[in-house]
Amino acid sequence: MNKREFLGTAAGAGLSLLLGERVWARFAALPVERLAADEAFWSAIRSKYRLKPDYINLESGYYSMQATPVLEAFIAKVREVNYHASYYLRTTQVPDKAAARDKLATLAGCSPSELCITRNTTESIATVVAGFDWRRGDEAVMAEQDYGHMLAQFRLTARRHGIVNKLVSVPADPKSDDEIVQLYAGAISPRTRLLMVSHMINVTGQILPVRRIADMAHERGVDVLVDGAHAFGQFEYTIPQLGCDYYAASLHKWLGCPLGTGILYVRRDKIAGLWPIYGDHRMNDDTDIMKLNHTGTHPVHTDLAIAHAIAFHETIGGQRKEARLRYLQNYWTSKVRPLANVVMNTPADPARSCAIANVGVTGVAPDALARTLLEKYRIWTNAVDNAAAGVHGVRVTPHVFIVPKELDVLVGAIREIARV
Ligand SMILES: Cc1ncc(COP(=O)(O)O)c(C=O)c1O
């Protein structure tokens with residue numbers, strides 16, 4: 001595609017608006033991999049965020065701030081909803097939310113009738129696990145490395161419905177996809193009905209071969225629930241490509257939406273089998289995914305801002321974003337991985353990770369490491385000290401506004417700490 005053709009596309013037009021046509025024209029012809037290392041381009045993207053000068057923010061994994069254009073649109077939506085008040089809620093609220101859902105479905109590559117907007121991954125996963133038609137003695141499979149509260153949801157279900165949870169432990173640096181698929185296969189028995197798998201393990205950033213796990217589980221008659229909290233908006237895929245039955249994600253992480261936005265995907269033929277958590281007097285149709293989405297009166301402006309976050313994401317371009325995030329992670333991990341006393345908890349194979357990585361230093365407790373990084377080097381990370389998952393280190397999560405010279409500060413800090 002030449003420059004003129006590209007500027008004619010929605011993403012091209014968006015970028016030229018964001019950066020100015022002259023600036024953008026310089027980048028339009030660059031292949032994604034080259035653009036990933038082009039600091040002029042990424043500093044223009046960085047200028048769209050309001051960054052705190054107090055520290056280098058390497059903890060976007062919890063919540064990644066909205067870009068300024070998204071935040072401004074969100075604030076305008078708050079004002080608008082407040083101004084129109086119940087008139088808005090009784091007139092255009094439902095079609096406006098449906099339009100946001102349609103845009104998300106396009107991004108996810110699924111039908112809008114298989115997707116609903118939730119508050120977060122927690123709600124989406126709970127909707128599936130609590131709504132599943134469990135029988136006493138049924139089994140569920142998951143991993144020690146899954147997110148703690150999601151495991152707790154299964155423990156709760158075990159207490160309430162008498163199901164049995166089987167946990168596998170995913171190796172930190174697997175040799176092949178087969179190794180992981182076999183691990184999950186080994187935990188399945190004739191009583192297994194649901195398998196939960198993280199698309200990306202939150203504490204290490206490891207991407208799991210979800211499609212292969214789903215195919216294996218389906219051959220054994222087991223449903224597959226994917227926890228995609230960190231995947232959606234971080235790297236490129238469509239949900240149907242993964243072959244799962246249920247998919248949950250948060251939009252306030254990598255898509256840069258306001259806090260309190262998520263998605264739940266349920267494959268068409270699985271909707272009827274789930275019990276809604278909340279009753280909804282309009283929902284007589286068991287096959288309508290909206291039966292799972294009764295939220296009462298809800299801060300609709302957060303949902304309305306989703307369209308703006310998608311526009312910003314698409315303006316950068318999903319492939320460009322993924323390539324940049326992987327570039328940033330490799331930039332720092334390739335420098336610290338060979339160092340003595342450094343323990344990398346993220347696979348070396350670049351295809352098994354993207355933005356997130358986790359690093360530990362032998363003899364330094366994760367809490368102390370995170371504290372030293374913050375107090376001495378002004379770097380904000382998150383300590384992970386999880387014996388069950390076998391992960392001891394700090395999680396480092398750069399977003400698109402982070403630049404390599406900030407990662408140089410991290411590399412220098414780890415070098416000094418590991419030397420001592
Ligand atoms: C893997 C994983 N699952 C679920 C969640 C819960 O996400 P939320 O708090 O947005 O519901 C998180 C949060 O970090 C996570 O990392």
# chains A, B, ... in the order shown; residues from 1 in each chain; ligands from 1
>>> residues_near_ligand(ligand="ligand 1", cutoff="7 Å", atoms="only C-alpha atoms and all ligand atoms", output="PyMOL selection string")
chain A and resi 61-62+120-123+146-147+150+198+200-202+227-230+250+252
>>> write_last_selection(atoms="all heavy atoms", output="CSV table (one decimal), in the first residue's frame")
chain,number,residue,atom,x,y,z
A,61,GLY,N,-0.1,-3.3,33.6
A,61,GLY,CA,-0.8,-4.6,33.6
A,61,GLY,C,-2.1,-4.6,34.4
A,61,GLY,O,-3.0,-5.3,34.2
A,62,TYR,N,-2.1,-3.7,35.5
A,62,TYR,CA,-3.3,-3.7,36.4
A,62,TYR,C,-4.3,-2.8,35.7
A,62,TYR,O,-5.4,-3.3,35.4
A,62,TYR,CB,-2.8,-3.1,37.7
A,62,TYR,CG,-3.8,-3.0,38.8
A,62,TYR,CD1,-3.4,-2.5,40.1
A,62,TYR,CD2,-5.1,-3.5,38.7
A,62,TYR,CE1,-4.3,-2.5,41.1
A,62,TYR,CE2,-6.0,-3.5,39.7
A,62,TYR,CZ,-5.6,-3.0,40.9
A,62,TYR,OH,-6.5,-2.9,42.0
A,120,ASN,N,-15.8,-6.2,33.8
A,120,ASN,CA,-14.4,-6.7,33.9
A,120,ASN,C,-14.3,-8.2,33.7
A,120,ASN,O,-15.3,-8.9,33.6
A,120,ASN,CB,-13.7,-6.3,35.2
A,120,ASN,CG,-14.6,-6.6,36.4
A,120,ASN,OD1,-15.2,-7.7,36.4
A,120,ASN,ND2,-14.7,-5.7,37.3
A,121,THR,N,-13.1,-8.7,33.6
A,121,THR,CA,-12.9,-10.2,33.5
A,121,THR,C,-13.5,-10.9,34.7
A,121,THR,O,-14.1,-12.0,34.5
A,121,THR,CB,-11.4,-10.5,33.5
A,121,THR,OG1,-10.8,-9.7,32.5
A,121,THR,CG2,-11.1,-11.9,33.2
A,122,THR,N,-13.4,-10.4,35.8
A,122,THR,CA,-13.9,-11.0,37.0
A,122,THR,C,-15.4,-11.3,36.8
A,122,THR,O,-15.9,-12.5,37.1
A,122,THR,CB,-13.8,-10.1,38.3
A,122,THR,OG1,-12.4,-9.8,38.4
A,122,THR,CG2,-14.3,-10.7,39.5
A,123,GLU,N,-16.2,-10.3,36.4
A,123,GLU,CA,-17.6,-10.5,36.2
A,123,GLU,C,-17.9,-11.5,35.1
A,123,GLU,O,-18.7,-12.4,35.2
A,123,GLU,CB,-18.3,-9.2,35.9
A,123,GLU,CG,-19.7,-9.3,35.6
A,123,GLU,CD,-20.4,-7.9,35.4
A,123,GLU,OE1,-20.7,-7.2,36.5
A,123,GLU,OE2,-20.5,-7.4,34.3
A,146,ASP,N,-3.0,-19.4,37.1
A,146,ASP,CA,-4.1,-18.6,36.8
A,146,ASP,C,-4.3,-17.5,37.9
A,146,ASP,O,-3.8,-17.6,39.0
A,146,ASP,CB,-5.4,-19.4,36.7
A,146,ASP,CG,-5.4,-20.3,35.4
A,146,ASP,OD1,-4.8,-19.9,34.4
A,146,ASP,OD2,-6.0,-21.4,35.5
A,147,TYR,N,-5.1,-16.5,37.5
A,147,TYR,CA,-5.3,-15.3,38.4
A,147,TYR,C,-6.0,-15.8,39.7
A,147,TYR,O,-7.0,-16.5,39.6
A,147,TYR,CB,-6.1,-14.3,37.7
A,147,TYR,CG,-6.2,-13.0,38.4
A,147,TYR,CD1,-5.1,-12.1,38.5
A,147,TYR,CD2,-7.4,-12.5,38.9
A,147,TYR,CE1,-5.2,-10.9,39.1
A,147,TYR,CE2,-7.5,-11.3,39.5
A,147,TYR,CZ,-6.4,-10.5,39.6
A,147,TYR,OH,-6.5,-9.2,40.2
A,150,MET,N,-9.8,-15.8,40.2
A,150,MET,CA,-10.5,-16.7,39.3
A,150,MET,C,-10.4,-18.1,39.9
A,150,MET,O,-11.4,-18.9,39.8
A,150,MET,CB,-9.9,-16.7,37.9
A,150,MET,CG,-9.8,-15.3,37.2
A,150,MET,SD,-11.3,-14.3,37.2
A,150,MET,CE,-11.1,-13.1,38.5
A,198,SER,N,-5.6,-19.5,31.0
A,198,SER,CA,-5.2,-18.1,30.7
A,198,SER,C,-4.7,-18.0,29.4
A,198,SER,O,-3.8,-18.7,29.0
A,198,SER,CB,-4.2,-17.7,31.8
A,198,SER,OG,-4.7,-17.7,33.1
A,200,MET,N,-3.0,-15.3,28.5
A,200,MET,CA,-1.6,-14.8,29.0
A,200,MET,C,-1.6,-14.9,30.5
A,200,MET,O,-2.5,-14.4,31.2
A,200,MET,CB,-1.4,-13.4,28.5
A,200,MET,CG,-0.1,-12.8,29.0
A,200,MET,SD,0.2,-11.1,28.5
A,200,MET,CE,1.2,-11.3,27.1
A,201,ILE,N,-0.6,-15.6,31.0
A,201,ILE,CA,-0.5,-15.7,32.5
A,201,ILE,C,-0.1,-14.3,33.0
A,201,ILE,O,0.9,-13.7,32.6
A,201,ILE,CB,0.6,-16.8,32.8
A,201,ILE,CG1,0.1,-18.2,32.4
A,201,ILE,CG2,0.9,-16.7,34.3
A,201,ILE,CD1,1.1,-19.3,32.6
A,202,ASN,N,-0.9,-13.8,34.0
A,202,ASN,CA,-0.7,-12.4,34.3
A,202,ASN,C,0.6,-12.1,35.1
A,202,ASN,O,1.2,-11.1,34.9
A,202,ASN,CB,-1.9,-12.0,35.2
A,202,ASN,CG,-1.8,-12.3,36.6
A,202,ASN,OD1,-1.4,-11.5,37.4
A,202,ASN,ND2,-2.2,-13.6,37.0
A,227,ASP,N,-9.4,-17.1,30.0
A,227,ASP,CA,-9.2,-15.9,30.7
A,227,ASP,C,-8.3,-15.0,29.9
A,227,ASP,O,-7.1,-15.2,29.9
A,227,ASP,CB,-8.6,-16.2,32.1
A,227,ASP,CG,-8.4,-14.9,32.9
A,227,ASP,OD1,-8.4,-13.8,32.3
A,227,ASP,OD2,-8.1,-15.0,34.1
A,228,GLY,N,-8.9,-14.1,29.1
A,228,GLY,CA,-8.1,-13.2,28.2
A,228,GLY,C,-7.9,-11.8,28.8
A,228,GLY,O,-7.7,-10.9,28.0
A,229,ALA,N,-7.9,-11.7,30.1
A,229,ALA,CA,-7.8,-10.4,30.8
A,229,ALA,C,-6.7,-9.6,30.1
A,229,ALA,O,-6.8,-8.4,29.9
A,229,ALA,CB,-7.5,-10.6,32.3
A,230,HIS,N,-5.5,-10.2,29.9
A,230,HIS,CA,-4.4,-9.4,29.4
A,230,HIS,C,-4.2,-9.5,27.9
A,230,HIS,O,-3.3,-8.8,27.4
A,230,HIS,CB,-3.1,-9.9,30.1
A,230,HIS,CG,-2.9,-9.4,31.4
A,230,HIS,ND1,-2.5,-8.1,31.6
A,230,HIS,CD2,-3.2,-9.9,32.6
A,230,HIS,CE1,-2.5,-7.8,32.9
A,230,HIS,NE2,-2.9,-8.9,33.6
A,250,SER,N,-10.7,-7.9,30.1
A,250,SER,CA,-10.9,-6.6,30.6
A,250,SER,C,-10.5,-5.6,29.6
A,250,SER,O,-9.5,-5.8,28.9
A,250,SER,CB,-10.1,-6.4,31.9
A,250,SER,OG,-10.5,-7.2,32.9
A,252,HIS,N,-10.0,-2.3,30.4
A,252,HIS,CA,-9.3,-1.2,31.0
A,252,HIS,C,-7.8,-1.6,31.2
A,252,HIS,O,-7.0,-0.9,31.8
A,252,HIS,CB,-9.9,-0.8,32.4
A,252,HIS,CG,-10.2,-2.0,33.2
A,252,HIS,ND1,-11.5,-2.2,33.8
A,252,HIS,CD2,-9.5,-3.1,33.6
A,252,HIS,CE1,-11.5,-3.3,34.5
A,252,HIS,NE2,-10.4,-3.9,34.4
>>> select_by_dssp(residues="range 63-122 of chain A", states="alpha helix (DSSP H)", output="MDAnalysis selection string")
chainID A and resid 68:90 93:108 121:122
>>> residues_around(residues="Tyr331 in chain A", least_positions_apart="6", cutoff="10 Å", atoms="only C-alpha atoms", output="PyMOL selection string")
chain A and resi 37+325+404+407-408+411
>>> closest_atom_pairs(of="range 303-368 of chain A", to="range 389-395 of chain A", cutoff="6 Å", atoms="only C-alpha atoms", output="JSON lines")
{"residue": "A:Ala357", "atom": "CA", "partner": "A:Arg395", "partner_atom": "CA", "distance": 5.9}
{"residue": "A:Asn358", "atom": "CA", "partner": "A:Arg395", "partner_atom": "CA", "distance": 4.3}
{"residue": "A:Val359", "atom": "CA", "partner": "A:Gly393", "partner_atom": "CA", "distance": 5.0}
{"residue": "A:Gly360", "atom": "CA", "partner": "A:Gly393", "partner_atom": "CA", "distance": 3.8}
{"residue": "A:Pro366", "atom": "CA", "partner": "A:Gly393", "partner_atom": "CA", "distance": 4.8}
>>> write_last_selection(atoms="C-alpha atoms", output="PDB file, in the first residue's frame")
ATOM      1  CA  ALA A 357       7.784 -10.021  31.616  1.00  0.00           C
ATOM      2  CA  ASN A 358       8.819 -10.921  35.127  1.00  0.00           C
ATOM      3  CA  VAL A 359      12.298 -10.740  36.581  1.00  0.00           C
ATOM      4  CA  GLY A 360      13.698 -11.842  39.919  1.00  0.00           C
ATOM      5  CA  PRO A 366      10.212  -9.530  45.349  1.00  0.00           C
TER       6      PRO A 366
END
>>> residues_around(residues="range 193-197 of chain A", least_positions_apart="6", cutoff="6 Å", atoms="only C-alpha atoms", output="JSON, numbers by chain")
{"A": [139, 140, 141, 142, 222, 223, 224, 225, 226]}
>>> closest_residue(among="A:His301, A:Ala355, A:Asp138, A:Val403", to="Tyr83 in chain A", atoms="only C-alpha atoms")
A:His301
>>> closest_residue(among="A:Gly262, A:Asp133, A:Asn382, A:Ala85", to="Val203 in chain A", atoms="only C-alpha atoms")
A:Asn382
>>> residues_around(residues="Lys291 in chain A", least_positions_apart="5", cutoff="10 Å", atoms="only C-alpha atoms", output="ChimeraX atom specification")
/A:116,271-272,274-286
>>> residues_around(residues="Glu375 in chain A", least_positions_apart="5", cutoff="12 Å", atoms="only C-alpha atoms", output="compact mmCIF listing (two decimals) with C-alpha atoms, in the first residue's frame")
# COMPACT_ATOMS: atom_id res chain seq x y z
CA ASP A 54 7.39 11.08 39.61
CA TYR A 55 8.28 7.61 38.31
CA ILE A 56 8.57 5.44 35.22
CA ASP A 367 8.81 -6.90 47.73
CA ALA A 368 12.29 -5.60 48.47
CA LEU A 369 13.13 -5.57 44.77
CA ALA A 370 10.00 -3.58 43.88
CA TRP A 380 7.01 1.55 39.41
CA THR A 381 6.54 -2.25 39.05
CA ALA A 413 19.00 -0.85 38.17
>>> residues_around(residues="Tyr88 in chain A", least_positions_apart="3", cutoff="12 Å", atoms="only C-alpha atoms", output="list in words")
Lys77, Val78, Arg79, Glu80, Val81, Asn82, Tyr83, His84, Ala85, Thr91, Thr92, Gln93, Val94, Pro95, Asp96, Lys97, Val300 and His301 of chain A
>>> atom_distance(atom1="CA of Ala105 in chain A", atom2="CA of Tyr63 in chain A")
21.9 Å
>>> closest_residue(among="A:Ala418, A:Val342, A:Leu208, A:Leu264", to="Ser124 in chain A", atoms="only C-alpha atoms")
A:Leu264
>>> atom_distance(atom1="CA of Asn386 in chain A", atom2="CA of Ile414 in chain A")
20.4 Å
>>> closest_residue(among="A:Thr372, A:Thr346, A:Ala249, A:Ala73", to="Pro171 in chain A", atoms="only C-alpha atoms")
A:Thr346
>>> atom_distance(atom1="CA of Pro299 in chain A", atom2="CA of Glu114 in chain A")
22.5 Å
>>> select_by_dssp(residues="range 367-414 of chain A", states="strand (DSSP E or B)", output="MDAnalysis selection string")
chainID A and resid 379:380 382:386 391:397
>>> write_last_selection(atoms="C-alpha atoms", output="PDB file, in the first residue's frame")
ATOM      1  CA  ILE A 379      10.531   2.749  38.658  1.00  0.00           C
ATOM      2  CA  TRP A 380       7.005   1.549  39.405  1.00  0.00           C
ATOM      3  CA  ASN A 382       4.571  -4.926  40.843  1.00  0.00           C
ATOM      4  CA  ALA A 383       6.053  -7.530  43.200  1.00  0.00           C
ATOM      5  CA  VAL A 384       4.931 -11.131  42.645  1.00  0.00           C
ATOM      6  CA  ASP A 385       5.776 -13.647  45.372  1.00  0.00           C
ATOM      7  CA  ASN A 386       3.604 -16.607  44.514  1.00  0.00           C
ATOM      8  CA  VAL A 391       6.992 -17.075  40.519  1.00  0.00           C
ATOM      9  CA  HIS A 392       9.181 -14.767  42.588  1.00  0.00           C
ATOM     10  CA  GLY A 393      10.087 -11.458  40.999  1.00  0.00           C
ATOM     11  CA  VAL A 394       8.679  -8.169  39.791  1.00  0.00           C
ATOM     12  CA  ARG A 395       6.260  -7.905  36.915  1.00  0.00           C
ATOM     13  CA  VAL A 396       7.312  -5.296  34.377  1.00  0.00           C
ATOM     14  CA  THR A 397       4.575  -4.010  32.088  1.00  0.00           C
TER      15      THR A 397
END
